[in-house]
file target_4.txt (compact mmCIF, C-alpha atoms and all ligand atoms)
# COMPACT_ATOMS: atom_id res chain seq x y z
CA MET A 21 99.11 88.05 73.10
CA LYS A 22 102.74 89.21 73.21
CA GLU A 23 102.00 92.03 70.75
CA ARG A 24 99.00 93.08 72.82
CA LEU A 25 100.98 93.36 76.06
CA GLN A 26 104.10 94.94 74.63
CA GLY A 27 104.33 98.54 75.78
CA ARG A 28 101.39 98.33 78.22
CA HIS A 29 101.39 100.10 81.57
CA LEU A 30 100.52 98.16 84.73
CA ILE A 31 99.04 100.21 87.55
CA THR A 32 96.19 97.85 88.39
CA LEU A 33 95.37 94.37 87.12
CA ASP A 34 91.76 95.48 87.16
CA SER A 35 92.34 97.20 83.81
CA TRP A 36 93.85 94.03 82.31
CA SER A 37 91.76 91.19 80.91
CA LYS A 38 91.91 87.70 82.42
CA GLN A 39 93.46 86.50 79.18
CA GLU A 40 96.30 89.02 79.61
CA ILE A 41 96.84 88.08 83.27
CA ASP A 42 96.82 84.38 82.36
CA ALA A 43 99.46 85.02 79.70
CA VAL A 44 101.77 86.55 82.31
CA ILE A 45 101.25 83.61 84.67
CA GLU A 46 101.90 81.11 81.87
CA VAL A 47 105.17 82.78 80.81
CA SER A 48 106.17 83.12 84.48
CA SER A 49 105.59 79.41 85.08
CA GLU A 50 107.65 78.52 82.02
CA LEU A 51 110.53 80.75 83.13
CA LYS A 52 110.33 79.22 86.62
CA ARG A 53 110.57 75.74 85.08
CA LEU A 54 113.57 76.74 82.96
CA ARG A 55 115.35 78.25 85.97
CA ALA A 56 114.78 75.03 87.94
CA MET A 57 116.55 73.20 85.11
CA GLY A 58 119.43 75.68 85.22
CA LYS A 59 118.60 77.16 81.84
CA THR A 60 119.16 80.85 81.21
CA MET A 61 117.55 83.00 78.52
CA ASP A 62 118.66 86.49 77.52
CA LEU A 63 115.13 87.66 76.76
CA LEU A 64 115.91 91.16 78.05
CA LYS A 65 119.47 91.50 76.78
CA ASN A 66 120.59 95.16 76.70
CA LYS A 67 117.29 96.30 78.26
CA THR A 68 117.12 98.72 81.18
CA LEU A 69 114.49 98.97 83.90
CA PHE A 70 114.41 102.12 86.06
CA MET A 71 113.14 101.35 89.57
CA VAL A 72 112.22 104.39 91.66
CA PHE A 73 111.46 103.69 95.31
CA PHE A 74 109.84 106.33 97.49
CA GLU A 75 109.68 103.65 100.24
CA GLN A 76 111.63 100.63 101.44
CA SER A 77 111.38 97.24 99.77
CA THR A 78 112.92 93.79 100.01
CA ARG A 79 110.83 91.60 97.69
CA THR A 80 109.87 94.10 95.01
CA ARG A 81 113.34 95.59 94.65
CA ASN A 82 115.18 92.28 94.59
CA SER A 83 112.70 90.33 92.50
CA LEU A 84 112.72 92.95 89.74
CA GLU A 85 116.47 93.48 89.84
CA ALA A 86 117.13 89.72 89.84
CA ALA A 87 114.58 89.31 87.02
CA MET A 88 116.42 91.83 84.85
CA THR A 89 119.81 90.24 85.64
CA GLN A 90 118.62 86.69 84.99
CA LEU A 91 117.14 87.72 81.65
CA GLY A 92 120.28 89.52 80.52
CA GLY A 93 119.22 93.11 81.24
CA HIS A 94 119.92 95.62 83.99
CA ALA A 95 117.89 97.49 86.61
CA HIS A 96 118.73 100.90 88.08
CA ASP A 97 117.90 101.00 91.80
CA LEU A 98 116.80 104.60 92.35
CA THR A 99 115.38 106.70 95.16
CA PRO A 100 114.11 110.30 94.94
CA ASP A 101 117.23 111.64 96.66
CA LYS A 102 119.39 110.12 93.89
CA MET A 103 117.31 111.92 91.27
CA GLN A 104 116.13 115.46 90.60
CA LEU A 105 112.73 114.43 91.94
CA SER A 106 114.04 115.73 95.24
CA HIS A 107 114.42 119.15 93.58
CA GLY A 108 110.90 119.04 92.20
CA GLU A 109 111.49 117.76 88.65
CA THR A 110 108.06 117.18 87.18
CA PRO A 111 106.56 113.73 86.47
CA LYS A 112 106.35 114.70 82.78
CA ASP A 113 110.05 115.55 82.46
CA THR A 114 111.04 112.48 84.48
CA ALA A 115 108.89 110.20 82.32
CA LYS A 116 110.04 111.71 79.02
CA VAL A 117 113.74 111.58 79.88
CA LEU A 118 113.69 108.00 81.21
CA SER A 119 111.71 106.96 78.12
CA ARG A 120 114.64 108.06 75.94
CA MET A 121 117.11 105.93 77.91
CA GLY A 122 115.56 102.58 78.76
CA GLU A 123 112.72 100.12 78.23
CA ALA A 124 110.54 100.35 81.36
CA ILE A 125 109.95 102.52 84.42
CA SER A 126 108.75 101.12 87.74
CA ILE A 127 107.76 103.21 90.73
CA ARG A 128 106.74 102.59 94.35
CA ASN A 129 104.96 105.54 95.90
CA CYS A 130 102.52 104.63 98.67
CA PHE A 131 101.91 108.12 100.02
CA TYR A 132 98.23 108.29 100.80
CA ASN A 133 96.25 110.26 98.19
CA ILE A 134 99.44 110.91 96.24
CA GLY A 135 101.03 107.66 95.03
CA ASN A 136 98.43 106.47 92.52
CA ARG A 137 98.02 109.97 91.10
CA TYR A 138 101.78 110.28 90.70
CA LEU A 139 102.01 106.95 88.89
CA ASN A 140 99.17 107.89 86.56
CA GLU A 141 100.90 111.16 85.72
CA ILE A 142 104.14 109.33 84.89
CA ALA A 143 102.18 106.81 82.79
CA GLU A 144 100.47 109.61 80.88
CA HIS A 145 103.82 110.95 79.70
CA ALA A 146 105.94 107.78 79.50
CA ASP A 147 106.63 106.32 76.05
CA ILE A 148 107.70 103.04 77.66
CA PRO A 149 105.77 100.81 80.12
CA LEU A 150 105.19 102.12 83.62
CA ILE A 151 104.96 99.28 86.15
CA SER A 152 103.57 100.00 89.60
CA MET A 153 105.75 98.61 92.34
CA GLN A 154 102.90 99.55 94.74
CA ASP A 155 100.98 102.72 95.37
CA ASP A 156 98.41 103.82 97.93
CA VAL A 157 95.61 101.96 96.11
CA TYR A 158 97.05 98.95 94.26
CA HIS A 159 99.93 96.44 94.40
CA PRO A 160 99.57 94.51 91.12
CA LEU A 161 102.92 92.70 91.34
CA GLN A 162 101.94 91.18 94.70
CA ALA A 163 98.52 90.16 93.41
CA LEU A 164 100.11 88.44 90.39
CA ALA A 165 102.45 86.42 92.62
CA ASP A 166 99.57 85.55 94.94
CA LEU A 167 97.49 84.27 92.04
CA MET A 168 100.37 82.20 90.65
CA THR A 169 101.01 80.68 94.09
CA ILE A 170 97.34 79.81 94.57
CA GLU A 171 97.15 78.22 91.11
CA GLU A 172 100.26 76.15 91.84
CA ARG A 173 98.59 74.88 95.00
CA TYR A 174 95.04 74.34 93.80
CA GLY A 175 95.23 74.15 90.00
CA ARG A 176 93.67 76.46 87.40
CA ASN A 177 90.10 75.88 88.56
CA LEU A 178 89.78 77.92 91.75
CA ALA A 179 85.98 77.91 91.87
CA GLY A 180 84.59 77.41 95.35
CA LEU A 181 87.77 78.23 97.29
CA LYS A 182 87.12 80.37 100.34
CA VAL A 183 89.73 83.09 100.80
CA VAL A 184 89.89 85.17 103.98
CA VAL A 185 91.60 88.54 103.81
CA SER A 186 91.82 89.60 107.43
CA TRP A 187 93.07 92.78 109.01
CA ALA A 188 95.66 92.10 111.72
CA TYR A 189 97.40 94.12 114.39
CA ALA A 190 100.95 95.39 113.69
CA THR A 191 103.44 97.61 115.42
CA THR A 192 106.28 97.64 112.87
CA HIS A 193 104.72 100.17 110.54
CA ALA A 194 101.26 101.12 109.33
CA LYS A 195 100.75 99.35 106.03
CA PRO A 196 98.99 100.61 102.89
CA LEU A 197 95.58 99.42 101.69
CA SER A 198 96.96 98.32 98.36
CA VAL A 199 97.58 94.61 99.00
CA PRO A 200 94.09 93.66 100.29
CA GLN A 201 92.45 95.97 97.72
CA SER A 202 94.29 94.29 94.85
CA GLN A 203 93.35 90.87 96.24
CA ILE A 204 89.63 91.57 96.55
CA LEU A 205 89.58 92.97 93.01
CA LEU A 206 91.42 90.00 91.50
CA PHE A 207 90.41 86.83 93.35
CA PRO A 208 86.66 86.96 92.56
CA ARG A 209 87.52 87.10 88.84
CA TYR A 210 89.15 83.67 89.29
CA GLY A 211 86.10 82.11 90.95
CA MET A 212 87.19 82.47 94.58
CA ASP A 213 84.74 83.46 97.30
CA VAL A 214 86.32 86.20 99.40
CA VAL A 215 85.57 87.21 102.99
CA VAL A 216 87.15 90.39 104.33
CA ALA A 217 87.40 90.69 108.11
CA HIS A 218 88.39 93.99 109.71
CA PRO A 219 87.66 96.17 112.72
CA PRO A 220 85.19 98.96 111.93
CA GLU A 221 88.03 101.50 112.28
CA PHE A 222 90.03 99.97 109.41
CA PRO A 223 87.80 99.74 106.33
CA LEU A 224 89.04 99.41 102.78
CA ASP A 225 88.39 102.19 100.29
CA SER A 226 84.66 102.27 99.48
CA THR A 227 85.25 102.83 95.74
CA ILE A 228 87.43 99.72 95.56
CA VAL A 229 84.93 97.72 97.61
CA GLU A 230 82.15 98.69 95.18
CA ARG A 231 84.27 97.71 92.18
CA ALA A 232 85.24 94.40 93.80
CA ALA A 233 81.56 93.67 94.53
CA GLN A 234 80.85 94.27 90.85
CA ARG A 235 83.65 91.87 89.89
CA ALA A 236 82.25 89.25 92.29
CA ALA A 237 78.73 89.63 90.86
CA GLU A 238 80.05 89.30 87.28
CA SER A 239 81.84 86.08 88.28
CA GLY A 240 78.93 84.64 90.29
CA VAL A 241 80.96 84.43 93.52
CA THR A 242 80.57 86.05 96.92
CA LEU A 243 82.45 88.96 98.45
CA SER A 244 81.44 89.55 102.05
CA PHE A 245 82.59 91.62 105.00
CA THR A 246 82.60 91.01 108.73
CA HIS A 247 84.04 92.59 111.86
CA ASP A 248 84.63 89.13 113.36
CA MET A 249 87.89 87.37 112.41
CA GLU A 250 86.81 84.02 113.85
CA GLU A 251 83.52 84.01 111.96
CA ALA A 252 85.46 84.71 108.75
CA LEU A 253 87.93 81.87 109.34
CA GLU A 254 85.31 79.10 109.57
CA GLY A 255 86.00 76.64 106.74
CA ALA A 256 88.54 78.87 104.97
CA ASP A 257 90.92 77.43 102.36
CA ILE A 258 93.34 80.35 102.23
CA VAL A 259 94.00 82.95 104.93
CA PHE A 260 95.82 86.25 104.51
CA PRO A 261 96.40 87.94 107.92
CA LYS A 262 97.58 91.46 107.17
CA ASN A 263 97.68 94.87 108.70
CA TRP A 264 96.38 97.84 106.73
CA GLY A 265 95.18 101.32 107.32
CA GLY A 266 96.63 103.83 109.67
CA PHE A 267 97.17 105.71 106.44
CA ALA A 268 97.36 109.05 108.20
CA TYR A 269 100.95 108.07 108.95
CA PHE A 270 101.68 107.69 105.26
CA HIS A 271 100.88 111.23 104.24
CA PRO A 272 104.29 112.89 103.92
CA PHE A 273 102.91 116.31 104.79
CA ASN A 274 100.56 115.14 107.50
CA ASP A 275 100.78 117.59 110.36
CA ASP A 276 97.40 116.65 111.81
CA GLN A 277 98.42 115.35 115.20
CA ASP A 278 94.81 114.58 116.19
CA THR A 279 94.39 112.23 113.19
CA ALA A 280 97.65 110.46 113.89
CA ASP A 281 96.75 110.10 117.59
CA ALA A 282 93.31 108.74 116.69
CA MET A 283 94.81 106.15 114.35
CA ARG A 284 97.25 105.04 117.05
CA ALA A 285 94.38 104.68 119.52
CA ASN A 286 92.40 102.66 116.95
CA LEU A 287 95.37 100.38 116.49
CA GLN A 288 95.75 99.79 120.23
CA ALA A 289 92.03 99.09 120.57
CA ASN A 290 92.40 96.20 118.11
CA LYS A 291 95.49 94.49 119.51
CA GLY A 292 93.58 91.23 119.70
CA TRP A 293 93.40 90.86 115.91
CA ARG A 294 96.16 88.24 115.64
CA LEU A 295 96.06 84.98 113.68
CA ASP A 296 97.19 82.27 116.10
CA SER A 297 96.94 78.47 115.97
CA ARG A 298 93.63 78.34 117.80
CA ARG A 299 92.05 80.68 115.29
CA PHE A 300 93.75 79.10 112.28
CA ALA A 301 92.25 75.75 113.37
CA LEU A 302 88.83 77.20 112.48
CA ALA A 303 89.88 77.05 108.83
CA LYS A 304 89.97 73.76 106.89
CA ARG A 305 92.59 71.22 108.05
CA ASP A 306 94.58 71.67 104.85
CA ALA A 307 94.11 75.46 104.70
CA VAL A 308 97.13 77.57 103.80
CA VAL A 309 98.34 80.81 105.26
CA MET A 310 99.77 83.42 102.92
CA HIS A 311 101.32 86.83 103.53
CA ALA A 312 102.79 89.43 101.18
CA LEU A 313 105.58 90.01 103.74
CA PRO A 314 107.16 91.66 105.59
CA ALA A 315 105.13 90.10 108.41
CA ASP A 316 104.96 91.59 111.86
CA ARG A 317 105.57 88.21 113.50
CA ASN A 318 103.59 87.50 116.67
CA ASN A 319 101.51 90.60 116.16
CA GLU A 320 99.79 90.03 112.80
CA VAL A 321 100.32 86.27 112.93
CA THR A 322 102.17 83.97 115.30
CA ASP A 323 105.42 82.17 114.47
CA GLU A 324 103.61 78.90 115.08
CA VAL A 325 101.25 79.59 112.17
CA LEU A 326 103.78 81.27 109.86
CA ASP A 327 106.33 78.47 110.30
CA SER A 328 103.81 75.63 110.13
CA PRO A 329 103.55 73.18 107.21
CA ASN A 330 100.41 75.08 106.18
CA SER A 331 102.41 78.21 105.47
CA ILE A 332 103.32 78.94 101.85
CA ILE A 333 104.75 82.41 102.45
CA TYR A 334 108.15 81.66 100.90
CA ASP A 335 106.65 80.11 97.77
CA GLU A 336 104.58 83.28 97.50
CA ALA A 337 107.67 85.48 97.93
CA GLU A 338 109.68 83.42 95.41
CA ASN A 339 106.92 83.82 92.87
CA ARG A 340 107.53 87.57 92.96
CA LEU A 341 110.71 86.75 90.99
CA HIS A 342 109.03 84.50 88.43
CA THR A 343 106.06 86.82 87.85
CA SER A 344 108.41 89.79 87.46
CA LYS A 345 110.29 87.84 84.79
CA GLY A 346 107.09 86.84 82.99
CA LEU A 347 105.71 90.35 83.11
CA LEU A 348 108.89 92.07 81.92
CA THR A 349 109.30 89.55 79.11
CA LEU A 350 105.82 90.26 77.81
CA LEU A 351 105.98 94.03 78.27
CA VAL A 352 109.47 94.78 76.96
CA GLY A 353 111.00 91.54 75.64
CA GLY A 354 112.04 91.28 72.02
CA ALA A 355 114.98 92.27 69.86
CA GLY A 356 117.52 94.39 71.74
N1 LIG Q 1 105.37 92.31 99.48
C1 LIG Q 1 106.21 93.33 99.15
O1 LIG Q 1 105.91 94.15 98.29
O2 LIG Q 1 107.38 93.32 99.82
P1 LIG Q 1 108.42 94.52 99.82
O3 LIG Q 1 107.75 95.69 100.50
O4 LIG Q 1 109.60 94.01 100.59
O5 LIG Q 1 108.76 94.87 98.40
call {"tool": "encode", "arguments": {"input": "target_4.txt", "output": "structure tokens", "more": "lines below"}}
Ligand code: CP
result
Amino acid sequence: MKERLQGRHLITLDSWSKQEIDAVIEVSSELKRLRAMGKTMDLLKNKTLFMVFFEQSTRTRNSLEAAMTQLGGHAHDLTPDKMQLSHGETPKDTAKVLSRMGEAISIRNCFYNIGNRYLNEIAEHADIPLISMQDDVYHPLQALADLMTIEERYGRNLAGLKVVVSWAYATTHAKPLSVPQSQILLFPRYGMDVVVAHPPEFPLDSTIVERAAQRAAESGVTLSFTHDMEEALEGADIVFPKNWGGFAYFHPFNDDQDTADAMRANLQANKGWRLDSRRFALAKRDAVVMHALPADRNNEVTDEVLDSPNSIIYDEAENRLHTSKGLLTLLVGGAG
């Protein structure tokens, strides 16, 4: 398996087999166990990861940088203004040059209709693995950590679990579609039934929805959609309350004031989409709440729910570290 994953790009887990994903989770779990015992391993000694962030990040930046440090390597924390990207250097030249200097490139670019295309262009020219740190369509690193966290809670057999991915109101910033889209593509492959709840104004991308429906059919599970959060929550095992959409704000060159105004109005019209204790009580008694974070507390989900014993948000965030370590080990580990 190691040979098969070495050198691979990761833009979406949908192009990886379950066997490959399982291998990453297994190595991640082993590295987590070793860290708990205080054991260190220089699996990435003398290796360099280039991290290029077009947007802010707490978990992705720090989990990858800590992963490289803990495994004996180093990560460069880069932004476009620190590089010649800001002067228009092409994806090809960027990819080729970084490929001569290090072992992996990771990029976060969530600009709507731009990010995924940019990552694919870098991947086309890179001679080393390109790891998506999130784009406008996918967030594979988050989905990996989510899956590991769910397996830790429920075991390897996830058949029959009901997962609710629900849109929620937020004021902090308009969030990309990539987290819920990666979840609905991945969870059905692991036997989970998924219900997506969202206001009509905030749909997911129809191409992704079609692909996720195909994944659900292949796995013999259900993927359903509703515009009623409470209906979705009935009997749920796992609940993800999360804002998405408003992607007009994400377009760096968006000068369409009417679109931006319309999205703001849509957001205000759906202020009531908040996961609170009354609603969470509709789920099973032992249901868990998860969130990729950052959470817009008391807008997307109340403190009472996020800080309750049913919340596993910090386990989920911690697993960003362990899955980053597992992934990097399999993609670029080996003799330095
Ligand atoms: N969940 C996540 O990707 O967090 P950051 O935006 O802080 O990296």
call {"tool": "closest_residue", "arguments": {"input": "target_4.txt", "among": "A:Ser126, A:His342, A:Asp327, A:Thr192", "to": "Val72 (chain A)", "atoms": "only C-alpha atoms"}}
result
A:Ser126
call {"tool": "residues_around", "arguments": {"input": "target_4.txt", "residues": "Ala252 (chain A)", "least_positions_apart": "5", "cutoff": "9 Å", "atoms": "all atoms listed in the file", "output": "PyMOL selection string"}}
result
chain A and resi 184-186+215-217+245-247+303
call {"tool": "residues_near_ligand", "arguments": {"input": "target_4.txt", "ligand": "ligand LIG 1 (chain Q)", "cutoff": "7 Å", "atoms": "only C-alpha atoms and all ligand atoms", "output": "ChimeraX atom specification"}}
result
/A:76-81,162,312-314
call {"tool": "atom_distance", "arguments": {"input": "target_4.txt", "atom1": "CA of Tyr189 (chain A)", "atom2": "CA of Glu320 (chain A)"}}
result
5.0 Å
call {"tool": "closest_residue", "arguments": {"input": "target_4.txt", "among": "A:Leu181, A:Val214, A:Ile125, A:Ile170", "to": "Leu30 (chain A)", "atoms": "only C-alpha atoms"}}
result
A:Ile125
call {"tool": "closest_residue", "arguments": {"input": "target_4.txt", "among": "A:Tyr132, A:Trp293, A:Trp264, A:Phe74", "to": "Met249 (chain A)", "atoms": "only C-alpha atoms"}}
result
A:Trp293
call {"tool": "closest_residue", "arguments": {"input": "target_4.txt", "among": "A:Ala232, A:Ala237, A:Leu64, A:Met212", "to": "Tyr174 (chain A)", "atoms": "all atoms listed in the file"}}
result
A:Met212
call {"tool": "build_atoms", "arguments": {"input": "target_4.txt", "residues": "region 56-67 of chain A", "atoms": "all heavy atoms", "output": "mmCIF file, in the coordinates of the input"}}
result
data_model
loop_
_atom_site.group_PDB
_atom_site.id
_atom_site.type_symbol
_atom_site.label_atom_id
_atom_site.label_comp_id
_atom_site.auth_asym_id
_atom_site.auth_seq_id
_atom_site.Cartn_x
_atom_site.Cartn_y
_atom_site.Cartn_z
ATOM 1 N N ALA A 56 114.590 76.243 87.131
ATOM 2 C CA ALA A 56 114.780 75.030 87.940
ATOM 3 C C ALA A 56 115.688 74.037 87.220
ATOM 4 O O ALA A 56 116.379 73.243 87.855
ATOM 5 C CB ALA A 56 113.421 74.394 88.242
ATOM 6 N N MET A 57 115.685 74.105 85.893
ATOM 7 C CA MET A 57 116.550 73.200 85.110
ATOM 8 C C MET A 57 117.910 73.818 84.850
ATOM 9 O O MET A 57 118.713 73.267 84.103
ATOM 10 C CB MET A 57 115.861 72.863 83.783
ATOM 11 C CG MET A 57 114.595 72.022 83.970
ATOM 12 S SD MET A 57 113.967 71.402 82.398
ATOM 13 C CE MET A 57 113.551 72.892 81.548
ATOM 14 N N GLY A 58 118.139 75.019 85.399
ATOM 15 C CA GLY A 58 119.430 75.680 85.220
ATOM 16 C C GLY A 58 119.612 76.330 83.868
ATOM 17 O O GLY A 58 120.731 76.627 83.449
ATOM 18 N N LYS A 59 118.501 76.554 83.177
ATOM 19 C CA LYS A 59 118.600 77.160 81.840
ATOM 20 C C LYS A 59 118.448 78.676 81.948
ATOM 21 O O LYS A 59 117.581 79.166 82.678
ATOM 22 C CB LYS A 59 117.515 76.609 80.929
ATOM 23 C CG LYS A 59 117.678 75.139 80.644
ATOM 24 C CD LYS A 59 116.937 74.731 79.391
ATOM 25 C CE LYS A 59 117.288 73.299 79.053
ATOM 26 N NZ LYS A 59 116.407 72.682 78.103
ATOM 27 N N THR A 60 119.283 79.391 81.221
ATOM 28 C CA THR A 60 119.160 80.850 81.210
ATOM 29 C C THR A 60 118.724 81.315 79.827
ATOM 30 O O THR A 60 119.028 80.672 78.820
ATOM 31 C CB THR A 60 120.507 81.519 81.557
ATOM 32 O OG1 THR A 60 121.501 81.032 80.663
ATOM 33 C CG2 THR A 60 120.929 81.216 82.986
ATOM 34 N N MET A 61 118.009 82.445 79.801
ATOM 35 C CA MET A 61 117.550 83.000 78.520
ATOM 36 C C MET A 61 117.723 84.502 78.561
ATOM 37 O O MET A 61 117.225 85.161 79.482
ATOM 38 C CB MET A 61 116.068 82.668 78.310
ATOM 39 C CG MET A 61 115.792 81.204 78.096
ATOM 40 S SD MET A 61 114.088 80.941 77.628
ATOM 41 C CE MET A 61 114.189 81.180 75.877
ATOM 42 N N ASP A 62 118.416 85.043 77.567
ATOM 43 C CA ASP A 62 118.660 86.490 77.520
ATOM 44 C C ASP A 62 117.494 87.220 76.842
ATOM 45 O O ASP A 62 117.672 87.928 75.848
ATOM 46 C CB ASP A 62 119.970 86.768 76.768
ATOM 47 C CG ASP A 62 121.177 86.530 77.661
ATOM 48 O OD1 ASP A 62 120.991 86.337 78.880
ATOM 49 O OD2 ASP A 62 122.302 86.540 77.126
ATOM 50 N N LEU A 63 116.317 87.064 77.394
ATOM 51 C CA LEU A 63 115.130 87.660 76.760
ATOM 52 C C LEU A 63 115.110 89.177 76.892
ATOM 53 O O LEU A 63 114.396 89.856 76.158
ATOM 54 C CB LEU A 63 113.866 87.066 77.398
ATOM 55 C CG LEU A 63 113.658 85.562 77.184
ATOM 56 C CD1 LEU A 63 112.546 85.028 78.071
ATOM 57 C CD2 LEU A 63 113.354 85.280 75.710
ATOM 58 N N LEU A 64 115.893 89.706 77.852
ATOM 59 C CA LEU A 64 115.910 91.160 78.050
ATOM 60 C C LEU A 64 117.321 91.729 77.887
ATOM 61 O O LEU A 64 117.680 92.724 78.520
ATOM 62 C CB LEU A 64 115.340 91.510 79.436
ATOM 63 C CG LEU A 64 113.902 91.052 79.696
ATOM 64 C CD1 LEU A 64 113.476 91.384 81.111
ATOM 65 C CD2 LEU A 64 112.935 91.687 78.701
ATOM 66 N N LYS A 65 118.075 91.077 77.011
ATOM 67 C CA LYS A 65 119.470 91.500 76.780
ATOM 68 C C LYS A 65 119.501 92.971 76.353
ATOM 69 O O LYS A 65 118.722 93.396 75.492
ATOM 70 C CB LYS A 65 120.074 90.622 75.687
ATOM 71 C CG LYS A 65 121.562 90.777 75.484
ATOM 72 C CD LYS A 65 122.034 89.676 74.519
ATOM 73 C CE LYS A 65 123.381 89.925 73.912
ATOM 74 N NZ LYS A 65 124.470 90.017 74.835
ATOM 75 N N ASN A 66 120.391 93.725 77.000
ATOM 76 C CA ASN A 66 120.590 95.160 76.700
ATOM 77 C C ASN A 66 119.395 96.035 77.074
ATOM 78 O O ASN A 66 119.311 97.178 76.639
ATOM 79 C CB ASN A 66 120.943 95.386 75.216
ATOM 80 C CG ASN A 66 122.268 94.747 74.858
ATOM 81 O OD1 ASN A 66 123.152 94.633 75.713
ATOM 82 N ND2 ASN A 66 122.400 94.293 73.624
ATOM 83 N N LYS A 67 118.453 95.498 77.839
ATOM 84 C CA LYS A 67 117.290 96.300 78.260
ATOM 85 C C LYS A 67 117.537 96.872 79.648
ATOM 86 O O LYS A 67 118.186 96.242 80.485
ATOM 87 C CB LYS A 67 116.024 95.432 78.316
ATOM 88 C CG LYS A 67 115.763 94.615 77.063
ATOM 89 C CD LYS A 67 114.987 95.381 76.044
ATOM 90 C CE LYS A 67 114.638 94.482 74.865
ATOM 91 N NZ LYS A 67 114.015 95.159 73.781
#
